[in-house]
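Asks: Enclosed is the structure file coords.cif (mmCIF, C-alpha atoms (C1' of nucleotides)).
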```cif
data_coords
loop_
_atom_site.label_atom_id
_atom_site.label_comp_id
_atom_site.auth_asym_id
_atom_site.auth_seq_id
_atom_site.Cartn_x
_atom_site.Cartn_y
_atom_site.Cartn_z
CA MET R 328 25.85 6.33 61.60
CA LYS R 329 27.78 9.59 61.79
CA ILE R 330 31.53 9.49 61.19
CA ALA R 331 33.84 12.48 61.56
CA THR R 332 37.46 13.41 60.97
CA TYR R 333 39.20 16.25 62.76
CA ASN R 334 42.81 17.38 62.73
CA VAL R 335 42.93 18.81 66.24
CA ASN R 336 46.47 20.24 66.13
CA GLY R 337 47.37 19.18 69.67
CA ILE R 338 44.82 17.11 71.58
CA ASN R 339 45.65 18.42 75.04
CA GLY R 340 45.68 22.08 74.12
CA ARG R 341 42.51 21.46 72.12
CA LEU R 342 40.64 19.41 74.69
CA PRO R 343 37.96 22.02 75.58
CA VAL R 344 37.22 22.62 71.90
CA LEU R 345 37.16 18.89 71.15
CA LEU R 346 34.78 18.11 74.03
CA ARG R 347 32.51 20.99 73.12
CA TRP R 348 32.33 19.84 69.53
CA LEU R 349 31.76 16.16 70.50
CA ALA R 350 28.82 17.18 72.71
CA GLU R 351 27.38 19.33 69.94
CA ALA R 352 27.94 17.05 66.93
CA GLU R 353 27.48 13.66 68.63
CA PRO R 354 29.43 11.63 66.07
CA ASP R 355 29.47 7.84 66.47
CA ILE R 356 33.02 7.46 65.20
CA VAL R 357 35.77 10.12 65.18
CA CYS R 358 39.17 10.03 63.52
CA LEU R 359 41.64 12.48 65.03
CA GLN R 360 44.98 13.63 63.66
CA GLU R 361 47.92 15.64 64.96
CA LEU R 362 47.56 14.62 68.60
CA LYS R 363 51.04 16.06 69.24
CA ALA R 364 51.23 13.99 72.39
CA PRO R 365 53.19 10.91 73.47
CA GLN R 366 51.22 7.72 74.02
CA GLU R 367 50.96 8.24 77.80
CA LYS R 368 49.70 11.83 77.51
CA PHE R 369 46.48 11.00 75.69
CA PRO R 370 43.55 12.44 77.72
CA LEU R 371 41.69 9.14 77.92
CA GLU R 372 39.68 9.95 81.02
CA ALA R 373 38.17 13.10 79.53
CA ILE R 374 37.35 11.25 76.31
CA GLN R 375 35.73 8.41 78.25
CA ASN R 376 33.73 10.86 80.35
CA ALA R 377 32.38 12.24 77.09
CA GLY R 378 31.10 8.77 76.27
CA TYR R 379 33.81 7.51 73.91
CA GLN R 380 36.26 4.64 73.79
CA ALA R 381 39.59 5.35 72.15
CA ILE R 382 42.41 3.63 70.35
CA TRP R 383 45.35 5.91 69.66
CA HIS R 384 48.90 5.97 68.39
CA GLY R 385 50.82 8.79 69.98
CA GLN R 386 54.24 10.26 69.38
CA LYS R 387 56.25 12.92 71.17
CA SER R 388 55.82 16.44 69.76
CA TRP R 389 54.32 15.63 66.37
CA ASN R 390 51.83 13.53 64.44
CA GLY R 391 49.66 11.07 66.35
CA VAL R 392 46.28 9.63 65.33
CA ALA R 393 43.29 8.27 67.23
CA ILE R 394 39.93 6.66 66.58
CA LEU R 395 37.09 7.31 69.02
CA THR R 396 33.98 5.15 69.11
CA ARG R 397 30.86 6.03 71.03
CA GLY R 398 29.86 3.43 73.59
CA THR R 399 31.53 0.19 72.59
CA ALA R 400 35.22 -0.18 71.84
CA GLY R 401 36.46 -0.88 68.33
CA ARG R 402 38.93 -3.61 67.40
CA GLU R 403 42.40 -2.50 66.36
CA ILE R 404 43.44 -3.94 63.01
CA CYS R 405 46.56 -2.01 62.07
CA ARG R 406 48.89 0.49 63.74
CA GLY R 407 51.26 2.32 61.42
CA LEU R 408 51.12 2.28 57.63
CA PRO R 409 52.48 -1.02 56.26
CA GLY R 410 55.34 -1.07 53.78
CA ASP R 411 58.31 0.49 55.59
CA GLU R 412 59.63 -0.94 58.84
CA GLU R 413 61.85 2.10 59.34
CA ASP R 414 58.99 4.60 59.27
CA ILE R 415 58.24 5.29 62.93
CA GLN R 416 55.95 8.30 62.46
CA SER R 417 52.48 7.87 63.96
CA ARG R 418 50.30 8.61 60.99
CA TYR R 419 48.02 5.64 60.41
CA LEU R 420 45.54 3.62 62.44
CA GLU R 421 42.90 1.09 61.43
CA VAL R 422 40.00 0.00 63.58
CA PHE R 423 37.06 -2.30 62.88
CA THR R 424 33.81 -1.06 64.38
CA ALA R 425 30.12 -1.06 63.44
CA ASP R 426 30.89 -3.45 60.55
CA LEU R 427 33.18 -0.84 58.99
CA LEU R 428 36.93 -0.73 58.56
CA ILE R 429 37.84 2.77 59.70
CA CYS R 430 41.22 3.94 58.41
CA CYS R 431 42.50 7.12 60.03
CA LEU R 432 45.45 8.79 58.32
CA TYR R 433 47.64 11.84 58.57
CA LEU R 434 49.49 12.11 55.29
CA PRO R 435 52.82 13.98 55.45
CA ASN R 436 52.78 17.67 54.64
CA GLY R 437 55.82 17.40 52.34
CA ASN R 438 57.08 20.97 52.39
CA PRO R 439 59.48 22.29 51.39
CA ALA R 440 59.23 20.83 47.91
CA PRO R 441 61.28 19.58 46.27
CA GLY R 442 63.37 17.94 48.97
CA PRO R 443 63.53 14.95 51.32
CA LYS R 444 60.23 15.80 53.04
CA PHE R 445 58.46 15.86 49.69
CA GLU R 446 60.07 12.54 48.76
CA TYR R 447 58.81 11.09 52.03
CA LYS R 448 55.32 12.35 51.25
CA LEU R 449 55.26 10.74 47.81
CA LYS R 450 56.63 7.45 49.14
CA TRP R 451 54.08 7.48 51.95
CA PHE R 452 51.40 8.10 49.34
CA GLU R 453 52.62 5.09 47.32
CA ARG R 454 52.46 2.90 50.40
CA LEU R 455 48.97 4.17 51.17
CA SER R 456 47.79 3.47 47.63
CA ARG R 457 49.21 -0.04 47.74
CA HIS R 458 47.55 -0.76 51.06
CA ALA R 459 44.25 0.83 50.01
CA GLU R 460 44.16 -1.22 46.83
CA GLY R 461 44.50 -4.37 48.90
CA LEU R 462 41.54 -3.36 51.04
CA LEU R 463 39.40 -2.68 47.98
CA LYS R 464 40.34 -5.98 46.35
CA LYS R 465 39.20 -7.79 49.47
CA GLY R 466 35.81 -6.13 49.01
CA LEU R 467 35.86 -4.68 52.52
CA PRO R 468 33.50 -1.88 53.66
CA VAL R 469 36.13 0.82 54.13
CA VAL R 470 36.11 4.44 55.26
CA LEU R 471 39.53 5.91 54.43
CA THR R 472 39.61 9.29 56.08
CA GLY R 473 41.78 11.95 57.62
CA ASP R 474 44.11 14.77 56.74
CA PHE R 475 45.44 13.90 53.28
CA ASN R 476 47.36 17.18 52.91
CA VAL R 477 46.20 17.31 49.29
CA MET R 478 43.90 19.70 47.48
CA PRO R 479 42.61 17.39 44.73
CA THR R 480 41.56 20.10 42.24
CA ASP R 481 41.58 23.87 41.63
CA MET R 482 38.13 23.99 43.18
CA ASP R 483 39.63 22.99 46.51
CA VAL R 484 41.95 26.02 46.86
CA TYR R 485 41.01 29.64 47.42
CA LYS R 486 43.74 30.78 45.03
CA PRO R 487 45.15 27.87 43.00
CA GLU R 488 47.90 29.85 41.25
CA ARG R 489 49.49 30.66 44.61
CA TRP R 490 49.77 26.99 45.51
CA VAL R 491 51.09 25.30 42.37
CA ASP R 492 54.61 24.86 43.82
CA ASP R 493 53.42 23.80 47.25
CA ALA R 494 53.73 20.18 48.39
CA LEU R 495 49.96 20.06 48.98
CA PHE R 496 49.12 20.98 45.42
CA ARG R 497 52.06 20.09 43.17
CA PRO R 498 51.25 18.01 40.10
CA GLU R 499 52.94 14.93 41.61
CA THR R 500 50.75 15.19 44.71
CA ARG R 501 47.53 15.66 42.79
CA ALA R 502 48.51 12.80 40.48
CA ALA R 503 49.05 10.53 43.48
CA PHE R 504 45.61 11.41 44.81
CA ALA R 505 44.03 10.90 41.39
CA GLY R 506 45.74 7.52 41.16
CA LEU R 507 44.31 6.50 44.50
CA MET R 508 40.84 7.66 43.46
CA GLY R 509 41.20 5.68 40.25
CA GLN R 510 41.12 2.48 42.28
CA GLY R 511 37.40 3.04 42.79
CA TRP R 512 37.02 5.21 45.86
CA THR R 513 34.29 7.80 46.28
CA ASP R 514 35.21 11.28 47.53
CA ALA R 515 32.18 11.66 49.81
CA ILE R 516 32.23 15.43 50.33
CA ARG R 517 32.83 16.27 46.68
CA THR R 518 30.07 13.84 45.69
CA LEU R 519 27.64 15.60 48.02
CA TYR R 520 28.69 19.09 46.92
CA PRO R 521 29.66 18.93 43.24
CA GLY R 522 31.03 22.19 41.93
CA GLN R 523 30.84 23.96 45.28
CA LYS R 524 33.61 25.72 47.14
CA ILE R 525 34.05 23.78 50.34
CA TYR R 526 37.08 24.03 52.65
CA THR R 527 38.30 22.16 55.73
CA PHE R 528 41.39 24.19 56.67
CA TRP R 529 42.12 27.87 57.13
CA ASP R 530 45.62 29.09 57.97
CA TYR R 531 46.16 30.90 61.26
CA PHE R 532 47.96 33.61 59.26
CA ARG R 533 46.53 36.63 57.51
CA ASN R 534 43.00 36.29 58.84
CA ALA R 535 42.54 33.36 56.49
CA TYR R 536 39.31 32.22 58.12
CA GLY R 537 37.80 35.71 58.03
CA ARG R 538 38.68 35.97 54.33
CA ASP R 539 37.56 32.38 53.69
CA ALA R 540 41.02 31.73 52.22
CA GLY R 541 40.77 27.99 52.80
CA LEU R 542 41.83 24.62 51.50
CA ARG R 543 39.99 21.31 51.23
CA ILE R 544 42.52 18.78 52.47
CA ASP R 545 40.56 16.56 54.89
CA HIS R 546 38.73 13.86 52.97
CA PHE R 547 36.42 10.89 53.22
CA LEU R 548 37.11 8.14 50.69
CA LEU R 549 34.50 5.38 50.65
CA SER R 550 34.73 1.90 49.21
CA PRO R 551 31.84 0.95 46.84
CA ALA R 552 29.65 -0.78 49.43
CA VAL R 553 29.94 2.17 51.82
CA ALA R 554 29.48 4.79 49.08
CA GLY R 555 26.03 3.39 48.40
CA ARG R 556 25.07 4.18 51.98
CA LEU R 557 26.15 7.85 51.89
CA ARG R 558 23.28 10.04 53.05
CA SER R 559 24.77 13.42 53.99
CA GLY R 560 27.92 15.17 55.07
CA GLY R 561 29.54 18.50 55.69
CA VAL R 562 32.13 20.65 57.38
CA ASP R 563 31.51 22.08 60.85
CA LYS R 564 33.03 25.35 59.71
CA HIS R 565 31.86 27.35 62.71
CA VAL R 566 34.20 25.35 64.97
CA ARG R 567 37.12 27.02 63.20
CA GLY R 568 35.82 30.31 64.60
CA TRP R 569 35.94 29.22 68.24
CA GLU R 570 38.54 30.41 70.75
CA LYS R 571 41.78 28.39 70.89
CA THR R 572 40.64 26.34 67.92
CA SER R 573 42.49 24.13 65.45
CA ASP R 574 43.39 25.42 61.99
CA HIS R 575 41.24 22.57 60.62
CA ALA R 576 37.48 22.19 61.03
CA PRO R 577 35.76 18.85 61.69
CA VAL R 578 34.36 17.08 58.63
CA TRP R 579 31.61 14.47 58.87
CA ILE R 580 29.42 12.11 56.88
CA GLU R 581 26.27 10.18 57.69
CA LEU R 582 25.69 6.66 56.40
CA GLU R 583 22.44 4.80 56.08
CA PRO R 584 22.17 2.14 58.79
"C1'" DA G 177 58.60 37.54 47.52
"C1'" DT G 178 57.98 37.68 52.35
"C1'" DG G 179 55.88 37.00 56.66
"C1'" DA G 180 52.14 36.63 59.50
"C1'" DC G 181 50.18 32.52 63.71
"C1'" DT G 182 50.02 28.26 66.71
"C1'" DG G 183 51.42 24.02 69.61
"C1'" DG G 184 55.03 21.54 71.64
"C1'" DT G 185 59.29 21.66 73.86
"C1'" DG G 186 61.69 23.63 77.08
"C1'" DT G 187 63.29 28.50 78.07
"C1'" DG G 188 66.35 28.58 71.53
"C1'" DA G 189 69.12 32.98 67.32
"C1'" DC G 190 64.01 26.30 68.56
"C1'" DC G 191 61.00 23.08 65.01
"C1'" DA G 192 57.05 22.01 62.19
"C1'" DG G 193 52.82 22.90 60.33
"C1'" DA G 194 50.23 24.06 55.40
#
```
Now, as a test, write the supplied structure out as structure tokens.

Replies:
Amino acid sequence: MKIATYNVNGINGRLPVLLRWLAEAEPDIVCLQELKAPQEKFPLEAIQNAGYQAIWHGQKSWNGVAILTRGTAGREICRGLPGDEEDIQSRYLEVFTADLLICCLYLPNGNPAPGPKFEYKLKWFERLSRHAEGLLKKGLPVVLTGDFNVMPTDMDVYKPERWVDDALFRPETRAAFAGLMGQGWTDAIRTLYPGQKIYTFWDYFRNAYGRDAGLRIDHFLLSPAVAGRLRSGGVDKHVRGWEKTSDHAPVWIELEP
DNA sequence: ATGACTGGTGTGACCAGA
């Protein structure tokens, strides 16, 4: 069972890259973020022709998340992060498939910090933690994955001192992530590669990819039952080097059957 | 310290991303 997460940064502009990567990587389940497309502009036909069913939550211009499943369709459990009726941003989607609860998230960027966007990020994080704790307490087999917009530790940033005041790396943000982890989640990629430099995002600016000036901000958090099934994982870094590519690379894990 | 790049929107002296 291969599960992937990929912030595509515009699903329609990225469609050739996405289809090429799907054919190459052959993941069973894919969480996508930053569709940047309204609900009716999701390229369902192309996705279906590639062999996938899709459940998605679009939004004009920004955000947007989707969960693709190979072959059979998943069952939608939750659309939008619970806890704030007034939050209309499309950043969270939950689907049950292959006996797993797949939670696809796009946590707010939060810059500039401090400010209202950073406050929104921290509140969103609180809501996520509350919801995630509920899932754990129910003992569900959960894969909580997506673009968290957090570098958890110094190891996850090419130059930590340059990022200490950034919303992705401020103490409050890292503390929120640490609090979430403290509930009992397993950071799959860090578990597989302890002590290694491993990035999932490279800025379009300043030849960041060429210099390997990256960040690790796309994560897989596994509930205890799922963590015991973790076999392998990685970042498809080469995809970041393709033409017309996203600033993120796909990240994936494989679970024992 | 600043700005560089990209997608979407719509043709902006735009916004937002990270």

Asks: Got a sec: who's within 8 Å of region 526-532 of chain R, counting all atoms listed in the file, leaving out chain neighbours fewer than 6 positions off, as a PDB file with C-alpha atoms (C1' of nucleotides), in the frame of the given file?

Replies:
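Once everything was written out, this is selection30.pdb:
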```pdb
ATOM      1  CA  ASP R 483      39.630  22.990  46.510  1.00  0.00           C
ATOM      2  CA  VAL R 484      41.950  26.020  46.860  1.00  0.00           C
ATOM      3  CA  ASP R 539      37.560  32.380  53.690  1.00  0.00           C
ATOM      4  CA  ALA R 540      41.020  31.730  52.220  1.00  0.00           C
ATOM      5  CA  GLY R 541      40.770  27.990  52.800  1.00  0.00           C
ATOM      6  CA  LEU R 542      41.830  24.620  51.500  1.00  0.00           C
ATOM      7  CA  ARG R 543      39.990  21.310  51.230  1.00  0.00           C
ATOM      8  CA  ILE R 544      42.520  18.780  52.470  1.00  0.00           C
ATOM      9  CA  ASP R 545      40.560  16.560  54.890  1.00  0.00           C
ATOM     10  CA  VAL R 562      32.130  20.650  57.380  1.00  0.00           C
ATOM     11  CA  LYS R 564      33.030  25.350  59.710  1.00  0.00           C
ATOM     12  CA  ARG R 567      37.120  27.020  63.200  1.00  0.00           C
ATOM     13  CA  ASP R 574      43.390  25.420  61.990  1.00  0.00           C
ATOM     14  CA  HIS R 575      41.240  22.570  60.620  1.00  0.00           C
ATOM     15  CA  ALA R 576      37.480  22.190  61.030  1.00  0.00           C
ATOM     16  CA  PRO R 577      35.760  18.850  61.690  1.00  0.00           C
ATOM     17  CA  VAL R 578      34.360  17.080  58.630  1.00  0.00           C
TER      18      VAL R 578
ATOM     19  C1'  DA G 180      52.140  36.630  59.500  1.00  0.00           C
ATOM     20  C1'  DC G 181      50.180  32.520  63.710  1.00  0.00           C
ATOM     21  C1'  DT G 182      50.020  28.260  66.710  1.00  0.00           C
ATOM     22  C1'  DA G 194      50.230  24.060  55.400  1.00  0.00           C
TER      23       DA G 194
END
```

Asks: Compare R:Leu549, R:Val566, R:Arg517, R:Pro487 by their minimum atom-to-atom distance to Tyr536 (chain R), counting all atoms listed in the file, and give me the closest one.

Replies: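 Among R:Leu549, R:Val566, R:Arg517, R:Pro487, it is R:Val566 that comes nearest to Tyr536 (chain R).
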
Asks: For Leu420 (chain R), please output as an NGL selection string all residues within 7 Å (counting only C-alpha atoms (C1' of nucleotides); exclusion window: fewer than 6 positions along the same chain).

Replies: :R and (392 or 405-407 or 430-432)

Asks: Within 8 Å of (60.6, 5.8, 53.7) (coordinates as in the file), grab all the protein and nucleic acid residues, counting all atoms listed in the file, and write them out as a list in words.

Replies: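 Result, sorted by chain then residue number: Asp411, Glu413, Asp414, Tyr447, Lys450 and Trp451 of chain R.
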
Asks: For the residues selected in the previous step, produce a file with C-alpha atoms as a PDB file, in the frame of the given file.

Replies:
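Saved result, again.pdb, follows:
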```
ATOM      1  CA  ASP R 411      58.310   0.490  55.590  1.00  0.00           C
ATOM      2  CA  GLU R 413      61.850   2.100  59.340  1.00  0.00           C
ATOM      3  CA  ASP R 414      58.990   4.600  59.270  1.00  0.00           C
ATOM      4  CA  TYR R 447      58.810  11.090  52.030  1.00  0.00           C
ATOM      5  CA  LYS R 450      56.630   7.450  49.140  1.00  0.00           C
ATOM      6  CA  TRP R 451      54.080   7.480  51.950  1.00  0.00           C
TER       7      TRP R 451
END
```

Asks: Expanded to explicit residues, what is the PyMOL selection byres ((chain R and resi 453) around 12) for this file, as a PyMOL selection string?

Replies: chain R and resi 408-411+434+446-452+454-460+499-500+502-507

Asks: Spell out the residues picked by the PyMOL selection byres ((chain G and resi 177) around 12) here, as a PyMOL selection string.

Replies: (chain R and resi 489) or (chain G and resi 178-179)

Asks: Kindly export the residues of the current selection with C-alpha atoms (C1' of nucleotides), as an mmCIF file, in the coordinates of the input.

Replies:
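What landed in result.cif:
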```
data_model
loop_
_atom_site.group_PDB
_atom_site.id
_atom_site.type_symbol
_atom_site.label_atom_id
_atom_site.label_comp_id
_atom_site.auth_asym_id
_atom_site.auth_seq_id
_atom_site.Cartn_x
_atom_site.Cartn_y
_atom_site.Cartn_z
ATOM 1 C CA ARG R 489 49.490 30.660 44.610
ATOM 2 C "C1'" DT G 178 57.980 37.680 52.350
ATOM 3 C "C1'" DG G 179 55.880 37.000 56.660
#
```

Asks: Would you work out the distance separating CA of Arg558 (chain R) from CA of Gln375 (chain R), expressed in Å to one decimal?

Replies: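 Result for CA of Arg558 (chain R) versus CA of Gln375 (chain R): 28.2 Å, one decimal.
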
Asks: For Ile356 (chain R), which residue out of R:Glu581, R:Lys571, R:Ile415, R:Leu463 is the nearest one, using all atoms listed in the file?

Replies: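 So, comparing all the options, the nearest one is R:Glu581.
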
Asks: Carefully work through the PyMOL selection byres ((chain R) within 9 of (chain G)) for this structure and note down the residues it includes, as a PyMOL selection string.

Replies: chain R and resi 336-337+340+363-364+387-389+436+438+476+493-495+528+530-533+573-574
